[in-house]
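What follows is model_14.txt (compact mmCIF, C-alpha atoms).
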# COMPACT_ATOMS: atom_id res chain seq x y z
CA THR A 1 -20.65 -1.67 47.60
CA ASN A 2 -17.95 -0.51 49.99
CA SER A 3 -18.83 -1.79 53.49
CA GLY A 4 -16.04 0.26 55.02
CA THR A 5 -12.98 -1.94 54.47
CA ALA A 6 -12.62 -2.37 50.67
CA SER A 7 -10.30 -0.07 48.70
CA GLY A 8 -9.09 0.50 45.13
CA PHE A 9 -12.42 1.54 43.64
CA ALA A 10 -12.09 3.49 40.37
CA SER A 11 -15.26 5.56 40.45
CA ILE A 12 -15.67 8.75 38.41
CA ALA A 13 -17.24 11.87 39.90
CA TRP A 14 -18.70 13.89 37.04
CA GLN A 15 -18.40 17.64 37.59
CA SER A 16 -21.54 19.69 37.33
CA SER A 17 -19.73 22.84 36.20
CA ILE A 18 -19.15 23.06 32.45
CA VAL A 19 -15.56 23.97 31.62
CA THR A 20 -15.45 27.00 29.29
CA ALA A 21 -12.05 28.41 30.24
CA SER A 22 -8.95 28.03 28.09
CA THR A 23 -7.19 26.03 30.81
CA LEU A 24 -8.14 23.28 33.26
CA THR A 25 -6.11 21.53 35.94
CA ALA A 26 -7.61 18.04 36.06
CA GLU A 27 -7.83 15.71 39.02
CA ALA A 28 -7.90 11.92 39.05
CA GLY A 29 -11.29 10.31 39.57
CA LYS A 30 -13.24 13.13 37.92
CA GLY A 31 -15.14 13.57 34.67
CA TYR A 32 -15.27 16.94 32.89
CA TRP A 33 -17.59 18.46 30.28
CA ILE A 34 -15.36 20.62 28.03
CA ASN A 35 -17.07 23.39 26.06
CA THR A 36 -14.74 24.86 23.40
CA THR A 37 -17.34 26.95 21.59
CA SER A 38 -15.41 30.18 22.24
CA ASN A 39 -11.84 28.98 22.65
CA ALA A 40 -9.50 26.01 22.68
CA CYS A 41 -8.68 24.40 26.02
CA THR A 42 -5.43 23.06 27.47
CA ILE A 43 -5.93 20.42 30.17
CA THR A 44 -3.07 19.91 32.63
CA LEU A 45 -2.89 16.39 34.06
CA PRO A 46 -1.87 15.70 37.68
CA ALA A 47 1.87 15.95 38.44
CA SER A 48 1.73 12.54 40.11
CA ALA A 49 -0.58 9.59 39.63
CA SER A 50 -1.20 6.05 40.88
CA VAL A 51 -1.88 2.97 38.78
CA GLY A 52 -5.60 2.81 38.01
CA ASP A 53 -6.26 6.56 38.30
CA GLN A 54 -8.82 7.62 35.70
CA ILE A 55 -9.96 10.91 34.18
CA ILE A 56 -12.67 11.48 31.55
CA PHE A 57 -13.12 14.48 29.24
CA SER A 58 -16.14 14.88 26.97
CA ASP A 59 -16.99 17.34 24.17
CA TYR A 60 -19.97 19.22 25.63
CA LEU A 61 -21.23 20.89 22.42
CA ARG A 62 -19.38 18.96 19.68
CA THR A 63 -16.95 21.81 19.02
CA TRP A 64 -13.55 20.19 19.50
CA GLY A 65 -13.19 19.99 15.73
CA THR A 66 -13.18 23.81 15.68
CA ASN A 67 -11.32 24.52 18.92
CA ALA A 68 -9.22 21.56 20.00
CA VAL A 69 -8.36 20.19 23.42
CA THR A 70 -4.63 19.81 24.17
CA ILE A 71 -3.32 17.61 26.98
CA ASN A 72 -0.43 19.03 29.04
CA GLN A 73 1.20 15.83 30.31
CA ASN A 74 2.82 17.62 33.26
CA SER A 75 6.02 15.49 33.00
CA LEU A 76 4.28 12.10 33.12
CA ASN A 77 4.27 9.81 30.08
CA PHE A 78 1.30 9.58 27.76
CA GLN A 79 1.28 6.37 25.71
CA GLY A 80 4.95 5.97 26.57
CA TYR A 81 6.16 9.46 25.56
CA THR A 82 6.66 12.83 27.25
CA SER A 83 6.14 14.82 24.04
CA PRO A 84 4.54 16.07 21.93
CA ASN A 85 1.39 16.95 23.86
CA PRO A 86 -1.65 14.99 22.62
CA GLU A 87 -4.35 16.94 20.83
CA TYR A 88 -7.99 15.94 20.51
CA ASN A 89 -9.69 17.70 17.61
CA THR A 90 -12.65 15.54 16.60
CA SER A 91 -16.10 16.92 17.34
CA GLY A 92 -18.13 14.78 19.75
CA GLN A 93 -15.17 12.96 21.31
CA SER A 94 -15.24 11.43 24.77
CA VAL A 95 -11.83 10.51 26.17
CA ARG A 96 -11.15 8.19 29.10
CA ILE A 97 -7.51 7.88 30.21
CA VAL A 98 -6.14 5.48 32.82
CA TYR A 99 -2.71 5.67 34.49
CA SER A 100 -0.75 2.46 33.88
CA GLY A 101 2.52 3.28 35.64
CA ALA A 102 5.68 5.22 34.91
CA THR A 103 6.70 3.40 31.70
CA GLN A 104 3.64 4.02 29.51
CA GLY A 105 1.94 6.54 31.77
CA TRP A 106 -1.57 7.62 30.85
CA ILE A 107 -3.24 5.37 28.27
CA PRO A 108 -6.56 6.17 26.55
CA THR A 109 -8.94 3.24 26.97
CA SER A 110 -11.59 5.01 24.91
CA ASP A 111 -11.06 8.11 22.80
CA ASP A 112 -13.28 7.74 19.70
CA ASP A 113 -10.32 8.71 17.52
CA VAL A 114 -6.95 7.01 17.02
CA THR A 115 -4.93 4.56 19.04
CA ASP A 116 -1.77 6.72 19.11
CA GLU A 117 -2.29 10.31 20.18
CA VAL A 118 1.45 10.98 20.58
CA PRO A 119 2.93 10.37 17.10
CA GLN A 120 6.71 10.74 17.20
CA VAL A 121 8.67 12.83 14.73
CA ILE A 122 10.88 10.59 12.57
CA THR A 123 13.82 12.27 10.84
CA LEU A 124 14.86 11.02 7.41
CA ASP A 125 18.01 12.28 5.69
CA PHE A 126 18.24 12.05 1.92
CA LEU A 127 20.46 12.26 -1.13
CA VAL A 128 18.38 12.63 -4.31
CA ILE A 129 20.29 12.60 -7.60
CA ALA A 130 18.54 12.79 -10.96
CA ALA A 131 19.77 11.03 -14.08
CA GLY A 132 22.52 12.41 -16.25
CA ALA A 133 21.89 13.56 -19.81
CA GLY A 134 23.21 12.14 -23.05
CA GLY A 135 26.10 13.74 -24.91
CA GLY A 136 25.48 15.54 -28.20
CA GLY A 137 26.04 14.03 -31.63
CA GLY A 138 29.18 14.80 -33.56
CA GLY A 139 30.36 16.07 -36.94
CA ASP A 140 32.30 18.16 -35.91
CA SER A 141 31.84 17.48 -32.13
CA GLY A 142 29.07 17.28 -29.54
CA GLY A 143 28.89 18.76 -26.06
CA GLY A 144 28.96 16.60 -22.94
CA GLY A 145 25.74 15.75 -21.15
CA GLY A 146 24.92 17.61 -17.95
CA ALA A 147 24.84 15.72 -14.64
CA GLY A 148 21.59 15.11 -12.86
CA GLY A 149 20.43 17.56 -10.20
CA TYR A 150 21.87 16.87 -6.73
CA ARG A 151 20.03 17.57 -3.45
CA ALA A 152 21.39 16.51 -0.04
CA SER A 153 20.49 16.87 3.64
CA PHE A 154 22.92 14.59 5.50
CA ASN A 155 25.64 15.85 7.86
CA SER A 156 25.47 19.47 6.63
CA GLU A 157 26.95 18.39 3.27
CA THR A 158 26.36 20.74 0.36
CA SER A 159 23.85 20.26 -2.41
CA GLY A 160 24.74 20.75 -6.07
CA GLY A 161 25.41 24.10 -7.70
CA GLY A 162 27.06 25.37 -4.54
CA GLY A 163 23.79 25.10 -2.61
CA SER A 164 23.71 24.59 1.13
CA SER A 165 22.62 21.40 2.85
CA GLU A 166 18.86 20.99 2.96
CA THR A 167 16.65 20.25 5.97
CA ALA A 168 16.02 16.56 6.65
CA LEU A 169 12.48 15.28 6.13
CA GLU A 170 10.10 14.69 9.04
CA ILE A 171 8.00 11.64 8.21
CA SER A 172 5.14 9.80 9.91
CA GLU A 173 4.59 6.22 11.00
CA GLY A 174 2.47 4.26 8.55
CA THR A 175 2.75 6.78 5.70
CA VAL A 176 3.98 5.49 2.33
CA TYR A 177 6.71 7.51 0.62
CA THR A 178 7.29 7.04 -3.10
CA ILE A 179 10.83 7.06 -4.46
CA THR A 180 11.35 7.73 -8.17
CA VAL A 181 14.76 7.17 -9.79
CA GLY A 182 15.32 8.83 -13.16
CA SER A 183 16.68 7.06 -16.25
CA GLY A 184 19.70 8.36 -18.15
CA GLY A 185 19.19 10.40 -21.30
CA ALA A 186 20.06 8.91 -24.69
CA GLY A 187 23.05 10.15 -26.64
CA GLY A 188 22.44 12.43 -29.60
CA ASN A 189 22.25 10.33 -32.76
CA GLY A 190 24.19 12.18 -35.42
CA ALA A 191 25.22 15.69 -36.36
CA ASN A 192 23.10 18.52 -34.96
CA ASP A 193 21.33 16.07 -32.62
CA THR A 194 21.28 17.17 -28.98
CA GLY A 195 21.54 14.49 -26.30
CA GLY A 196 18.41 13.48 -24.42
CA ASP A 197 17.73 15.05 -21.03
CA GLY A 198 18.02 12.87 -17.93
CA GLY A 199 14.95 11.83 -15.96
CA ASP A 200 14.00 13.46 -12.66
CA SER A 201 14.43 11.67 -9.31
CA SER A 202 12.19 12.40 -6.33
CA ILE A 203 10.76 11.53 -2.90
CA SER A 204 7.06 12.22 -2.35
CA GLY A 205 4.47 11.55 0.35
CA SER A 206 1.16 12.91 1.61
CA ASP A 207 2.72 14.83 4.52
CA ILE A 208 5.93 16.20 2.97
CA THR A 209 6.84 18.66 0.27
CA THR A 210 8.11 16.59 -2.65
CA ILE A 211 11.89 16.60 -3.07
CA THR A 212 12.63 16.64 -6.81
CA SER A 213 16.02 16.72 -8.48
CA THR A 214 15.95 17.76 -12.14
CA GLY A 215 17.46 15.59 -14.85
CA GLY A 216 20.64 16.79 -16.55
CA GLY A 217 20.45 18.89 -19.72
CA GLY A 218 21.39 17.22 -23.01
CA GLY A 219 24.73 18.05 -24.59
CA GLY A 220 24.50 20.19 -27.72
CA GLY A 221 24.99 18.61 -31.13
CA TYR A 222 27.21 20.00 -33.86
CA ASN A 223 26.36 23.70 -34.16
CA VAL A 224 23.76 23.48 -31.33
CA GLY A 225 23.82 24.78 -27.73
CA GLY A 226 23.33 22.58 -24.66
CA ASN A 227 20.02 22.09 -22.88
CA ASP A 228 19.14 23.45 -19.45
CA GLY A 229 18.78 20.88 -16.64
CA GLY A 230 19.87 19.89 -13.16
CA SER A 231 23.32 20.65 -14.56
CA GLY A 232 23.45 22.18 -18.03
CA GLY A 233 24.56 20.39 -21.17
CA GLY A 234 27.81 21.42 -22.87
CA ASP A 235 27.80 23.57 -25.98
CA GLY A 236 28.36 21.78 -29.29
CA SER A 237 31.12 22.81 -31.72
CA ASP A 238 31.16 25.53 -34.42
CA ASN A 239 28.48 27.84 -33.04
CA ALA A 240 28.07 31.03 -31.11
CA SER A 241 25.45 29.68 -28.71
CA THR A 242 26.03 28.67 -25.09
CA GLY A 243 26.00 25.76 -22.71
CA GLY A 244 22.78 24.97 -20.90
CA SER A 245 21.99 26.46 -17.49
CA GLY A 246 22.02 24.42 -14.29
CA THR A 247 19.24 24.52 -11.71
CA ALA A 248 19.79 26.60 -8.58
CA ASN A 249 21.04 24.50 -5.63
CA GLN A 250 21.28 21.40 -7.84
CA GLY A 251 24.01 21.82 -10.46
CA TYR A 252 26.20 24.07 -12.59
CA ASP A 253 26.05 25.33 -16.18
CA GLY A 254 27.46 23.50 -19.16
CA GLY A 255 30.59 24.87 -20.80
CA THR A 256 30.57 27.27 -23.74
CA GLN A 257 33.13 27.17 -26.58
CA ALA A 258 34.35 30.21 -28.45
CA GLY A 259 32.57 30.67 -31.78
CA GLY A 260 34.06 28.49 -34.50
CA ALA A 261 35.74 26.03 -32.12
CA ALA A 262 35.63 22.52 -33.53
CA SER A 263 35.48 20.70 -30.17
CA GLY A 264 32.50 20.34 -27.84
CA SER A 265 32.27 21.75 -24.31
CA GLY A 266 31.93 19.69 -21.15
CA GLY A 267 28.60 19.21 -19.42
CA GLY A 268 28.07 20.87 -16.07
CA GLY A 269 28.50 18.84 -12.88
CA ALA A 270 26.97 19.12 -9.43
CA GLY A 271 30.24 20.66 -8.22
CA ALA A 272 31.61 22.69 -11.15
CA VAL A 273 30.86 24.33 -14.50
CA GLY A 274 31.66 22.32 -17.64
CA GLY A 275 35.00 23.18 -19.27
CA ASN A 276 35.96 24.27 -22.77
CA ASP A 277 39.12 23.90 -24.81
CA ALA A 278 39.67 25.01 -28.39
CA SER A 279 41.84 22.03 -29.31
CA THR A 280 40.34 19.20 -27.26
CA GLY A 281 36.89 18.52 -25.90
CA GLY A 282 36.05 20.44 -22.73
CA ASP A 283 36.18 18.49 -19.47
CA GLY A 284 32.96 17.68 -17.65
CA GLY A 285 32.29 19.55 -14.41
CA ASN A 286 33.14 17.61 -11.27
CA GLY A 287 30.54 16.11 -8.97
CA VAL A 288 30.02 16.40 -5.20
CA ALA A 289 31.00 13.95 -2.46
CA SER A 290 28.62 12.58 0.18
CA THR A 291 29.16 10.33 3.22
CA ILE A 292 25.49 9.36 3.58
CA THR A 293 26.33 5.67 3.01
CA GLY A 294 29.11 5.72 5.61
CA SER A 295 32.01 6.41 3.24
CA SER A 296 32.76 9.35 0.95
CA VAL A 297 31.47 8.83 -2.61
CA THR A 298 31.48 11.44 -5.38
CA ARG A 299 28.55 11.51 -7.80
CA ALA A 300 26.94 13.68 -10.51
CA GLY A 301 29.92 14.55 -12.71
CA GLY A 302 29.33 16.11 -16.14
CA GLY A 303 30.16 14.42 -19.44
CA GLY A 304 33.24 15.44 -21.43
CA GLY A 305 32.88 17.25 -24.75
CA GLY A 306 33.78 15.55 -28.01
CA GLY A 307 37.18 16.27 -29.58
CA PHE A 308 38.10 17.21 -33.16
CA ASN A 309 41.05 15.17 -34.40
CA ASN A 310 42.16 15.18 -30.80
CA SER A 311 41.17 13.59 -27.53
CA GLY A 312 37.76 14.20 -26.03
CA GLY A 313 37.33 15.95 -22.71
CA THR A 314 37.55 13.92 -19.51
CA GLY A 315 34.39 13.13 -17.63
CA GLY A 316 33.82 15.00 -14.38
CA THR A 317 34.61 13.10 -11.18
CA GLY A 318 31.50 11.31 -10.01
CA GLY A 319 30.47 9.25 -13.02
CA GLY A 320 30.81 11.65 -15.96
CA GLY A 321 31.66 9.91 -19.25
CA ARG A 322 34.68 10.90 -21.36
CA GLY A 323 34.05 12.63 -24.67
CA GLY A 324 34.83 10.85 -27.94
CA ASN A 325 37.22 11.68 -30.79
CA ASP A 326 36.65 9.65 -33.92
CA ALA A 327 35.14 6.36 -35.00
CA THR A 328 37.84 4.41 -33.20
CA ASP A 329 37.52 6.42 -30.01
CA PRO A 330 33.83 6.85 -29.16
CA GLY A 331 32.63 8.64 -26.05
CA VAL A 332 31.80 6.91 -22.77
CA ALA A 333 28.40 6.69 -21.09
CA GLY A 334 27.81 8.20 -17.68
CA THR A 335 28.11 5.70 -14.83
CA ALA A 336 24.84 4.10 -13.76
CA ASN A 337 23.28 5.32 -10.51
CA THR A 338 25.58 8.32 -10.18
CA GLY A 339 23.67 10.81 -12.32
CA GLY A 340 26.79 11.26 -14.47
CA GLY A 341 26.48 12.91 -17.88
CA GLY A 342 27.38 11.06 -21.09
CA GLY A 343 30.35 12.02 -23.25
CA GLY A 344 29.77 14.01 -26.44
CA ALA A 345 30.58 12.50 -29.83
CA GLY A 346 33.85 13.52 -31.46
CA ASP A 347 34.56 14.26 -35.08
CA GLN A 348 33.90 10.90 -36.71
CA PRO A 349 34.27 11.26 -40.50
CA ALA A 350 34.06 7.51 -41.00
CA GLN A 351 30.52 7.47 -39.60
CA SER A 352 27.49 9.01 -41.21
CA SER A 353 25.76 9.48 -37.83
CA PRO A 354 28.34 10.03 -35.07
CA ALA A 355 26.45 9.45 -31.81
CA GLY A 356 26.90 10.83 -28.31
CA SER A 357 26.89 8.56 -25.26
CA ALA A 358 24.04 7.99 -22.80
CA GLY A 359 23.81 9.55 -19.36
CA GLY A 360 23.92 7.51 -16.15
CA SER A 361 20.74 6.76 -14.19
CA GLY A 362 20.04 8.52 -10.91
CA VAL A 363 19.93 7.27 -7.32
CA VAL A 364 17.99 8.04 -4.12
CA ILE A 365 19.58 7.27 -0.75
CA LEU A 366 17.72 7.51 2.57
CA ARG A 367 19.27 7.39 6.06
CA ILE A 368 17.29 6.89 9.27
CA ILE A 369 17.99 5.99 12.90
CA THR A 370 17.78 2.21 13.06
CA SER A 371 15.30 2.26 15.96
CA ASP A 372 12.91 4.21 13.68
CA TYR A 373 13.42 1.99 10.62
CA SER A 374 10.22 0.11 9.75
CA GLY A 375 11.77 -2.38 7.34
CA THR A 376 8.84 -1.96 4.94
CA THR A 377 10.02 -1.20 1.39
CA THR A 378 9.28 -2.04 -2.22
CA GLY A 379 11.61 -1.81 -5.19
CA SER A 380 14.36 -3.87 -3.52
CA PRO A 381 16.66 -1.12 -2.24
CA THR A 382 20.05 -2.13 -0.90
CA VAL A 383 19.86 -1.85 2.92
CA SER A 384 22.99 -1.35 5.02
CA VAL A 385 23.91 -0.12 8.49
CA SER A 386 26.39 2.57 9.53
CA GLY A 387 26.74 3.14 13.27
CA SER A 388 23.27 3.65 14.73
CA ASP A 389 21.67 4.38 11.33
CA THR A 390 20.12 2.31 8.56
CA ILE A 391 20.70 3.32 4.93
CA MET A 392 18.44 2.48 2.00
CA THR A 393 19.92 2.89 -1.50
CA PHE A 394 17.31 2.93 -4.26
CA THR A 395 18.79 2.30 -7.71
CA GLY A 396 15.28 1.91 -9.10
CA SER A 397 11.89 3.27 -8.14
CA GLY A 398 10.08 1.93 -5.05
CA THR A 399 8.53 2.94 -1.73
CA TYR A 400 9.34 3.20 1.96
CA THR A 401 6.66 3.05 4.67
CA GLY A 402 7.43 5.03 7.82
Structure translated into structure tokens:
Amino acid sequence: TNSGTASGFASIAWQSSIVTASTLTAEAGKGYWINTTSNACTITLPASASVGDQIIFSDYLRTWGTNAVTINQNSLNFQGYTSPNPEYNTSGQSVRIVYSGATQGWIPTSDDDVTDEVPQVITLDFLVIAAGAGGGGGGDSGGGGGAGGYRASFNSETSGGGGSSETALEISEGTVYTITVGSGGAGGNGANDTGGDGGDSSISGSDITTITSTGGGGGGGYNVGGNDGGSGGGDGSDNASTGGSGTANQGYDGGTQAGGAASGSGGGGAGAVGGNDASTGGDGGNGVASTITGSSVTRAGGGGGGGFNNSGGTGGTGGGGRGGNDATDPGVAGTANTGGGGGGAGDQPAQSSPAGSAGGSGVVILRIITSDYSGTTTGSPTVSVSGSDTIMTFTGSGTYTG
């Protein structure tokens, strides 16, 4: 009881008029019945407030789930933030907010919903590279394996296949994001045997559209065309078929030899089409450079095509394996965790089953402002810091929790 001298009472005067309008300018010390049967309602809080000020809003007819109530903070903090505006959209809610001071501002002490009504947008840049494919088998010569698909968002750097930089992900606190890293495709095992396609790499979560990079296409075996993939596999020797096609905004096509050529074509890379050469194996297409880890690194080069009594094609920059020639000069596998394609097998008369080389595994790299980094991961990614950002490099599958 106030005898006339006490102060600082935090009483609430409930308003008898039911609010049905689409807007309300609220005052401290009052309680409001909000009826959103016909429309949503935006409530503007006071432009100034004192510590201990209280306001209550209550769902009059349990319709906030249909037409929500949005709080216009009017420049004061709400749970420590000025944006975005809180939204209450659960039918039957009753919300009491108390002003705590300038730092945290208005804080709900009871809201029948969640403890954080002002979730902040967290930006996550990515580089997602799928695994490279295996090179084709020889006898005459196999095509080089295609590089894994390449998708990038950091620093306006291009994606594979000449694609533009993608939009960074917007993730949520507490949500688990699954990272999948593809395994390299096996080399073709003998004449006419196409190399195995690389495995896909991806980032997925309940509140984002999954980012998937497609595994590289296998290099064609002797007398066989290359497979389609993130980047296409190179064409094998002695045929009139073609190299495999790359995936739009991820990688380029594999090379195609002229009909009757005895050497294999190079696999496509993230940055260039696979090459062809009538006398030597075609070179693998080059990869693409990224600075997401803080320094420029090129990845996703295509595998070189196998040679015929001559040298195999060179692997594309960024982990592509060199093509083979004969039994004493086998092809080279794509480099692990670059998405590089494997080299195609050369003409190997001393072997009954001349084999192509395996593709390199993929990699997923995430970059986030350090103040937003939760530190909660599985799969043991390598964690580093560059400037104000934290970088997670996943060389195997795992998770990150926002």
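With only C-alpha atoms as the atoms that count, the residue of A:Pro84, A:Gly313, A:Gly304, A:Gly269 with the shortest distance to A:Ala147 is A:Gly269.
Of the residues listed (A:Ile365, A:Leu169, A:Val128, A:Val385), A:Val128 shows the shortest atom-to-atom separation from A:Ser201; distances use all atoms listed in the file.
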By how many Å are atom CA of A:Asn223 and atom CA of A:Gly143 apart?
9.8 Å
Considering all atoms listed in the file, state which residue in the set A:Gly282, A:Glu157, A:Thr256, A:Ile179 is at the smallest distance from A:Met392.
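Using all atoms listed in the file, A:Met392 sits closest to A:Ile179.
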If I wrap all listed atoms of stretch 266-285 of chain A in a box with edges along x, y and z and add 4 Å on each side, what are its centre and edge lengths in Å to one decimal, as AutoDock Vina command-line options?
--center_x 34.4 --center_y 21.3 --center_z -18.8 --size_x 22.9 --size_y 15.3 --size_z 29.1
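Here the question is which of A:Ala261, A:Ala300, A:Ala278, A:Ala186 gets nearest to A:Gly230 using all atoms listed in the file, and that residue is A:Ala300.
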Please return as a PDB file with C-alpha atoms, in the coordinates of the input every residue within 12 Å of (4.1, 15.8, 4.4), taking into account only C-alpha atoms and the file's own coordinates.
ATOM      1  CA  VAL A 121       8.670  12.830  14.730  1.00  0.00           C
ATOM      2  CA  ILE A 122      10.880  10.590  12.570  1.00  0.00           C
ATOM      3  CA  LEU A 169      12.480  15.280   6.130  1.00  0.00           C
ATOM      4  CA  GLU A 170      10.100  14.690   9.040  1.00  0.00           C
ATOM      5  CA  ILE A 171       8.000  11.640   8.210  1.00  0.00           C
ATOM      6  CA  SER A 172       5.140   9.800   9.910  1.00  0.00           C
ATOM      7  CA  GLU A 173       4.590   6.220  11.000  1.00  0.00           C
ATOM      8  CA  THR A 175       2.750   6.780   5.700  1.00  0.00           C
ATOM      9  CA  VAL A 176       3.980   5.490   2.330  1.00  0.00           C
ATOM     10  CA  TYR A 177       6.710   7.510   0.620  1.00  0.00           C
ATOM     11  CA  THR A 178       7.290   7.040  -3.100  1.00  0.00           C
ATOM     12  CA  ILE A 203      10.760  11.530  -2.900  1.00  0.00           C
ATOM     13  CA  SER A 204       7.060  12.220  -2.350  1.00  0.00           C
ATOM     14  CA  GLY A 205       4.470  11.550   0.350  1.00  0.00           C
ATOM     15  CA  SER A 206       1.160  12.910   1.610  1.00  0.00           C
ATOM     16  CA  ASP A 207       2.720  14.830   4.520  1.00  0.00           C
ATOM     17  CA  ILE A 208       5.930  16.200   2.970  1.00  0.00           C
ATOM     18  CA  THR A 209       6.840  18.660   0.270  1.00  0.00           C
ATOM     19  CA  THR A 210       8.110  16.590  -2.650  1.00  0.00           C
ATOM     20  CA  ILE A 211      11.890  16.600  -3.070  1.00  0.00           C
ATOM     21  CA  GLY A 402       7.430   5.030   7.820  1.00  0.00           C
TER      22      GLY A 402
END
For atom CA of A:Pro381 and atom CA of A:Gly134, the interatomic separation in Å (one decimal):
25.5 Å
Counting all atoms listed in the file, which of A:Thr399, A:Asn35, A:Asn310, A:Ser50 gets nearest to A:Val364?
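Among the listed residues, A:Thr399 lies closest to A:Val364.
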What does the distance between atom CA of A:Gly190 and atom CA of A:Asp253 come to in Å, to one decimal place?
23.4 Å
Near stretch 158-162 of chain A, 12 Å: stretch 207-300 of chain A residue rows, closest pairs, only C-alpha atoms, as CSV:
residue,atom,partner,partner_atom,distance
A:Ser213,CA,A:Gly160,CA,9.9
A:Thr214,CA,A:Gly160,CA,11.1
A:Gly216,CA,A:Gly160,CA,11.9
A:Gly229,CA,A:Gly161,CA,11.6
A:Gly230,CA,A:Gly160,CA,8.6
A:Ser231,CA,A:Gly161,CA,8.0
A:Gly232,CA,A:Gly161,CA,10.7
A:Ser245,CA,A:Gly161,CA,10.6
A:Gly246,CA,A:Gly161,CA,7.4
A:Thr247,CA,A:Gly161,CA,7.4
A:Ala248,CA,A:Gly161,CA,6.2
A:Asn249,CA,A:Gly161,CA,4.9
A:Gln250,CA,A:Gly160,CA,3.9
A:Gly251,CA,A:Gly161,CA,3.8
A:Tyr252,CA,A:Gly161,CA,5.0
A:Asp253,CA,A:Gly161,CA,8.6
A:Gly254,CA,A:Gly161,CA,11.7
A:Gly268,CA,A:Gly161,CA,9.4
A:Gly269,CA,A:Gly161,CA,8.0
A:Ala270,CA,A:Gly160,CA,4.3
A:Gly271,CA,A:Gly160,CA,5.9
A:Ala272,CA,A:Gly161,CA,7.2
A:Val273,CA,A:Gly161,CA,8.7
A:Gly274,CA,A:Gly161,CA,11.9
A:Gly285,CA,A:Gly161,CA,10.6
A:Asn286,CA,A:Gly160,CA,10.4
A:Gly287,CA,A:Gly160,CA,8.0
A:Val288,CA,A:Gly160,CA,6.9
A:Ala289,CA,A:Thr158,CA,8.7
A:Ser290,CA,A:Thr158,CA,8.5
A:Thr291,CA,A:Thr158,CA,11.2
A:Ile292,CA,A:Thr158,CA,11.9
A:Thr298,CA,A:Gly160,CA,11.5
A:Arg299,CA,A:Gly160,CA,10.1
A:Ala300,CA,A:Gly160,CA,8.6
I'd like the contact shell of stretch 233-236 of chain A - 8 Å cut-off, all atoms listed in the file, skipping same-chain residues fewer than 3 positions apart - returned as an MDAnalysis selection string.
chainID A and resid 133 135:136 141:146 216:229 239 241:245 253:257 263:268 274 305
Those residues with C-alpha atoms, as a CSV table (one decimal), in the frame of the given file please?
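Once everything was written out, this is out_27.csv:
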chain,number,residue,atom,x,y,z
A,133,ALA,CA,21.9,13.6,-19.8
A,135,GLY,CA,26.1,13.7,-24.9
A,136,GLY,CA,25.5,15.5,-28.2
A,141,SER,CA,31.8,17.5,-32.1
A,142,GLY,CA,29.1,17.3,-29.5
A,143,GLY,CA,28.9,18.8,-26.1
A,144,GLY,CA,29.0,16.6,-22.9
A,145,GLY,CA,25.7,15.8,-21.2
A,146,GLY,CA,24.9,17.6,-18.0
A,216,GLY,CA,20.6,16.8,-16.6
A,217,GLY,CA,20.4,18.9,-19.7
A,218,GLY,CA,21.4,17.2,-23.0
A,219,GLY,CA,24.7,18.0,-24.6
A,220,GLY,CA,24.5,20.2,-27.7
A,221,GLY,CA,25.0,18.6,-31.1
A,222,TYR,CA,27.2,20.0,-33.9
A,223,ASN,CA,26.4,23.7,-34.2
A,224,VAL,CA,23.8,23.5,-31.3
A,225,GLY,CA,23.8,24.8,-27.7
A,226,GLY,CA,23.3,22.6,-24.7
A,227,ASN,CA,20.0,22.1,-22.9
A,228,ASP,CA,19.1,23.4,-19.4
A,229,GLY,CA,18.8,20.9,-16.6
A,239,ASN,CA,28.5,27.8,-33.0
A,241,SER,CA,25.4,29.7,-28.7
A,242,THR,CA,26.0,28.7,-25.1
A,243,GLY,CA,26.0,25.8,-22.7
A,244,GLY,CA,22.8,25.0,-20.9
A,245,SER,CA,22.0,26.5,-17.5
A,253,ASP,CA,26.0,25.3,-16.2
A,254,GLY,CA,27.5,23.5,-19.2
A,255,GLY,CA,30.6,24.9,-20.8
A,256,THR,CA,30.6,27.3,-23.7
A,257,GLN,CA,33.1,27.2,-26.6
A,263,SER,CA,35.5,20.7,-30.2
A,264,GLY,CA,32.5,20.3,-27.8
A,265,SER,CA,32.3,21.8,-24.3
A,266,GLY,CA,31.9,19.7,-21.2
A,267,GLY,CA,28.6,19.2,-19.4
A,268,GLY,CA,28.1,20.9,-16.1
A,274,GLY,CA,31.7,22.3,-17.6
A,305,GLY,CA,32.9,17.2,-24.8
Give as a list of chain:residue names each residue that has an atom at most 12 Å from (-11.3, 28.3, 21.4) in the file, counting only C-alpha atoms.
A:Val19, A:Thr20, A:Ala21, A:Ser22, A:Thr23, A:Ile34, A:Asn35, A:Thr36, A:Thr37, A:Ser38, A:Asn39, A:Ala40, A:Cys41, A:Thr42, A:Thr63, A:Trp64, A:Gly65, A:Thr66, A:Asn67, A:Ala68, A:Val69, A:Thr70, A:Asn89
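All residues of protein, DNA or RNA that reach within 10 Å of A:Leu45, judged by all atoms listed in the file and not counting those fewer than 6 positions away in the chain, are Leu24, Thr25, Ala26, Glu27, Ala28, Ile55, Ile71, Asn72, Gln73, Asn74, Ser75, Leu76 and Trp106 of chain A.
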